[in-house]
Every structure is written in C-alpha cells, then in structure tokens.
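**Q** The structure's right below; bear with me while I get my questions together.
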Amino acid sequence: MTIPVIAAAVLFGLAAGSFINVVIYRVPINGSIIKPRSYCPECRRTIRWYENIPVASYIFLKGRCRGCGINIPFRYPLVELVGAALAVLAIWRFGAGVDAAFAYAFLMALLAVTFIDWNHRIIPDEISLSFILIGLVWSLVSGELTVVSSAAGALAGGGGIWAVGALYKLIRHADGMGGGDVKLMAMIGAFLGVGFVLPVIVIASFFGSIYGIYLLRSGKEGKSTVAFGSFLAPAAAVCLLFGREILDWYLTCF
C-alpha cells in the first residue's frame, strides 16, 4: 500500500465513520438517516457543517456542544477513527477493488450493529436483512466467496443461532436468543461463507461469556443482559480480516 492510498482510505474512512454515527443514533429512534439535519439532542441547535468535520471538530470544540456546552459522547470520534482504520485494513486485506468495497461496507454495518445492540438491545432489520442480500451479491463478483458458500453460510448462520435459542428456551423456558441475532448471523454467514460460521460463534461466545462472568461477579446479573450481537459483530470483523491466519495458527497447534 502506498502512502497516497492509505491517506485516501483514512479520509474516506473518517467520512464513513461520521455517517455511521448518524446511523447509530437515528436508526433505533426513527429509522431515518436523512431528515432532519444533524442537531444537538439537548438544546436542539442545528449543527453547522464545520462542526461536523470528523475528529477535528470534536477536538476543536473540546468535546462539548457549541450551543449548550453539553459533553459530546466520545463514541463519535471513536467510531470515526475506527472507520478510518477499517478502511485501511480492508484495502490491506483485499486490495483496492470491488472486494474491498463490499468488505468495507460489511465492516461498517458490523460497527453500527455493535453500538446499536449494546445501547438499545436491538439489531435493525434495515441493516441485517439488507446485508444478507448484499453478501449474496458480493458472492457473484468476488474471488473470495462462492455463491454456494454464501447461501449456505446464511442458512447455517441463521439456522444455527435459531437452534441454539430454541434449545435454550426448551430447557430454561425463557428466550435465550433474539430474532435480531438470528438475522445478524445469517448476514454474517452470507459474507463470510459457511466455513466461518462456527469460528464467529465460538469467538463471540468466548468473549460474551467473559462479560457474563463479569456481570455475575459484580452482582449486575438480572440488571443487565448480554447484547450478543455486540460480540457477534466484532467476531465477524476479526474473521473477515484475519480468518485465514487464525485458521492457519489453529491448525499448526495440532
């Protein structure tokens, strides 16, 4: 990767991260990402364009609204920086081309899902269902993924999570897996293929269990639930970018 390519990826990623911030905030509330214009949720003041420059505006404003002085959540520059990093990683992994474009769109959707599910305990159908279709379309033009693997991945991902939830409900008589998780895992399977469905679930379950243990030890069990989508989405991103290296490492252990 050349310096101009990295610079272009960073600038594009920062802008994409700013857009994902809009998705994270607005989709769970009203589903619209177009209207109204960006505004402060506290004082309702319309945010000027120069106050919306990724990362730079946050630094210039010292993390506060220019109108009412309320703190701007650190999530905003964080998502923008992650968007830039993911853009560079997508080009590093797939090269500058169609595969990188599809992969980056998937990564940004996963980023939005991570924060939305963590904050609201929902995974919007607008994201998961749309990206099941986009993953299948990618398989038609990709050198990384076949149509059969994509379709089988969507079925295995969604079906596998549904089966786990159904078994949990049968044993515990309580819902253990939401419909959003089922559709998210179908989306992940459509992009990663059937071979990475199990690794994603294993990685997400491992870190989700660690968080669950933390809730138990801190006495917060019952007051807080594990947003499993917030673990599935990062696990999918790891497998997309480093899955082959992870599998190679795993195989060398035996």
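In the structure tokens, chains take the letters A, B, ... in the order shown, each chain's residues start at 1, and ligands count up from 1 in the order shown.
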For A:Ile24, work out the shell of residues within 12 Å, counting only C-alpha atoms and skipping chain neighbours fewer than 6 positions away, then give it as a ChimeraX atom specification.

**A** /A:17-18,30-33,75-76,79,108-120,122-124,127

**Q** From the DSSP assignment of the backbone, select every residue of stretch 8-247 of chain A that is helix (DSSP H, G or I), and format the answer as a VMD selection string.

**A** chain A and resid 8 to 26 49 to 51 56 to 60 75 to 94 98 to 120 125 to 141 147 to 172 179 to 192 194 to 217 229 to 247

**Q** Contacts of A:Val148 at 10 Å or less, counting only C-alpha atoms, minus same-chain residues fewer than 3 places along, as an mmCIF file with N, CA and C atoms, in the first residue's frame?

**A**
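Once everything was written out, this is around.cif:
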data_model
loop_
_atom_site.group_PDB
_atom_site.id
_atom_site.type_symbol
_atom_site.label_atom_id
_atom_site.label_comp_id
_atom_site.auth_asym_id
_atom_site.auth_seq_id
_atom_site.Cartn_x
_atom_site.Cartn_y
_atom_site.Cartn_z
ATOM 1 N N LEU A 136 -24.878 -11.857 -0.654
ATOM 2 C CA LEU A 136 -25.131 -12.772 -1.772
ATOM 3 C C LEU A 136 -24.695 -12.141 -3.095
ATOM 4 N N SER A 139 -20.984 -12.380 -3.498
ATOM 5 C CA SER A 139 -20.515 -13.713 -3.891
ATOM 6 C C SER A 139 -20.561 -13.918 -5.404
ATOM 7 N N LEU A 140 -21.364 -13.120 -6.102
ATOM 8 C CA LEU A 140 -21.455 -13.238 -7.556
ATOM 9 C C LEU A 140 -20.253 -12.620 -8.263
ATOM 10 N N LEU A 145 -15.332 -15.505 -2.352
ATOM 11 C CA LEU A 145 -16.530 -16.156 -1.834
ATOM 12 C C LEU A 145 -17.359 -16.700 -2.982
ATOM 13 N N ALA A 151 -24.681 -18.635 0.339
ATOM 14 C CA ALA A 151 -26.041 -19.061 0.643
ATOM 15 C C ALA A 151 -26.064 -20.060 1.790
ATOM 16 N N ALA A 152 -25.123 -21.011 1.754
ATOM 17 C CA ALA A 152 -25.051 -21.994 2.838
ATOM 18 C C ALA A 152 -24.679 -21.328 4.151
ATOM 19 N N GLY A 153 -23.825 -20.314 4.086
ATOM 20 C CA GLY A 153 -23.443 -19.585 5.292
ATOM 21 C C GLY A 153 -24.607 -18.849 5.907
ATOM 22 N N ALA A 154 -25.433 -18.227 5.051
ATOM 23 C CA ALA A 154 -26.615 -17.521 5.558
ATOM 24 C C ALA A 154 -27.566 -18.495 6.239
ATOM 25 N N ALA A 190 -23.632 -14.942 5.160
ATOM 26 C CA ALA A 190 -23.696 -14.578 3.748
ATOM 27 C C ALA A 190 -22.402 -13.917 3.288
ATOM 28 N N GLY A 193 -19.218 -16.849 4.420
ATOM 29 C CA GLY A 193 -19.306 -18.202 3.921
ATOM 30 C C GLY A 193 -19.505 -19.194 5.052
ATOM 31 N N VAL A 194 -19.899 -20.397 4.687
ATOM 32 C CA VAL A 194 -20.270 -21.398 5.684
ATOM 33 C C VAL A 194 -19.095 -21.800 6.571
#

**Q** Rank nothing, just name the residue among A:Tyr39, A:Phe74, A:Phe131, A:Phe12 nearest to A:Ala87, using only C-alpha atoms.

**A**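 The answer is A:Phe12, which sits nearest to A:Ala87.
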
**Q** Using only C-alpha atoms, find each residue of stretch 10-85 of chain A with at least one atom at most 12 Å away from an atom of stretch 97-106 of chain A; report its shortest atom-to-atom pair and that distance in Å (one decimal), sort the rows by chain and rising residue number, and return the result as a Markdown table.

**A**
| residue | atom | partner | partner_atom | distance |
| --- | --- | --- | --- | --- |
| A:Phe12 | CA | A:Tyr104 | CA | 10.9 |
| A:Gly13 | CA | A:Tyr104 | CA | 9.2 |
| A:Ala16 | CA | A:Ala105 | CA | 9.4 |
| A:Gly17 | CA | A:Ala105 | CA | 11.1 |
| A:Phe19 | CA | A:Ala105 | CA | 11.9 |
| A:Ile20 | CA | A:Ala105 | CA | 10.6 |
| A:Val82 | CA | A:Tyr104 | CA | 11.6 |
| A:Gly83 | CA | A:Tyr104 | CA | 9.0 |
| A:Ala84 | CA | A:Tyr104 | CA | 10.3 |
| A:Ala85 | CA | A:Tyr104 | CA | 10.5 |

**Q** Which of these residues is nearest to A:Val238, using only C-alpha atoms: A:Arg48, A:Arg64, A:Arg217, A:Arg93?

**A** A:Arg93

**Q** My list of candidates is A:Ile188, A:Leu89, A:Ile171, A:Gly178. Which is closest to A:Ile134 when distances are computed with only C-alpha atoms?

**A**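 Of A:Ile188, A:Leu89, A:Ile171, A:Gly178, the one nearest A:Ile134 is A:Ile188, counting only C-alpha atoms.
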
**Q** Determine the nearest neighbour of A:Ala235 from the options A:Ala163, A:Leu198, A:Cys68, A:Leu216, counting only C-alpha atoms.

**A**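 So, comparing all the options, the nearest one is A:Leu198.
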
**Q** By how many Å are atom CA of A:Gly95 and atom CA of A:Leu155 apart?

**A**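 For atom CA of A:Gly95 relative to atom CA of A:Leu155, the distance reads 28.5 Å.
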
**Q** Using only C-alpha atoms, can you tell me which of A:Ala166, A:Leu241, A:Val200, A:Val226 comes closest to A:Phe94?

**A**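 That would be A:Leu241, the residue with the smallest distance to A:Phe94.
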
**Q** Where does DSSP see strand (DSSP E or B) in stretch 47-248 of chain A, if you list the residues as a ChimeraX atom specification?

**A** /A:64,71,221,224

**Q** So what do you get for atom CA of A:Gly158 versus atom CA of A:Met185, distance-wise?

**A**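 For atom CA of A:Gly158 relative to atom CA of A:Met185, the distance reads 5.1 Å.
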
**Q** Considering only C-alpha atoms, return as a list in words whatever protein or nucleic-acid residues lie within 12 Å of A:Tyr50, sequence-local ones (same chain, fewer than 5 positions apart) excluded.

**A**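 My list of contacting residues is Ser38, Val55, Ala56, Ser57, Tyr58, Phe60, Leu61 and Arg66 of chain A.
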
**Q** Residues within 9 Å of A:Ile203, please, as JSON, numbers by chain. Count only C-alpha atoms; anything in the same chain fewer than 4 positions from it doesn't count.

**A** {"A": [198, 199, 207, 208, 231, 232, 235, 236]}

**Q** Keeping C-alpha atoms for every residue in the selection just given, could you write it to a file as a PDB file, in the first residue's frame?

**A**
ATOM      1  CA  LEU A 198     -18.678 -21.729  13.703  1.00  0.00           C
ATOM      2  CA  PRO A 199     -15.474 -19.691  14.368  1.00  0.00           C
ATOM      3  CA  PHE A 207     -15.881 -13.050  24.967  1.00  0.00           C
ATOM      4  CA  GLY A 208     -19.604 -12.927  25.724  1.00  0.00           C
ATOM      5  CA  PHE A 231     -19.989  -9.770  20.345  1.00  0.00           C
ATOM      6  CA  LEU A 232     -21.015 -11.478  17.103  1.00  0.00           C
ATOM      7  CA  ALA A 235     -16.022 -11.544  15.923  1.00  0.00           C
ATOM      8  CA  ALA A 236     -17.213 -11.445  12.303  1.00  0.00           C
TER       9      ALA A 236
END

**Q** For each of A:Ile59, A:Met187, A:Ala9, A:Leu247, take the minimum atom-to-atom distance to A:Leu129, counting only C-alpha atoms, then give the residue where this is smallest.

**A** A:Met187
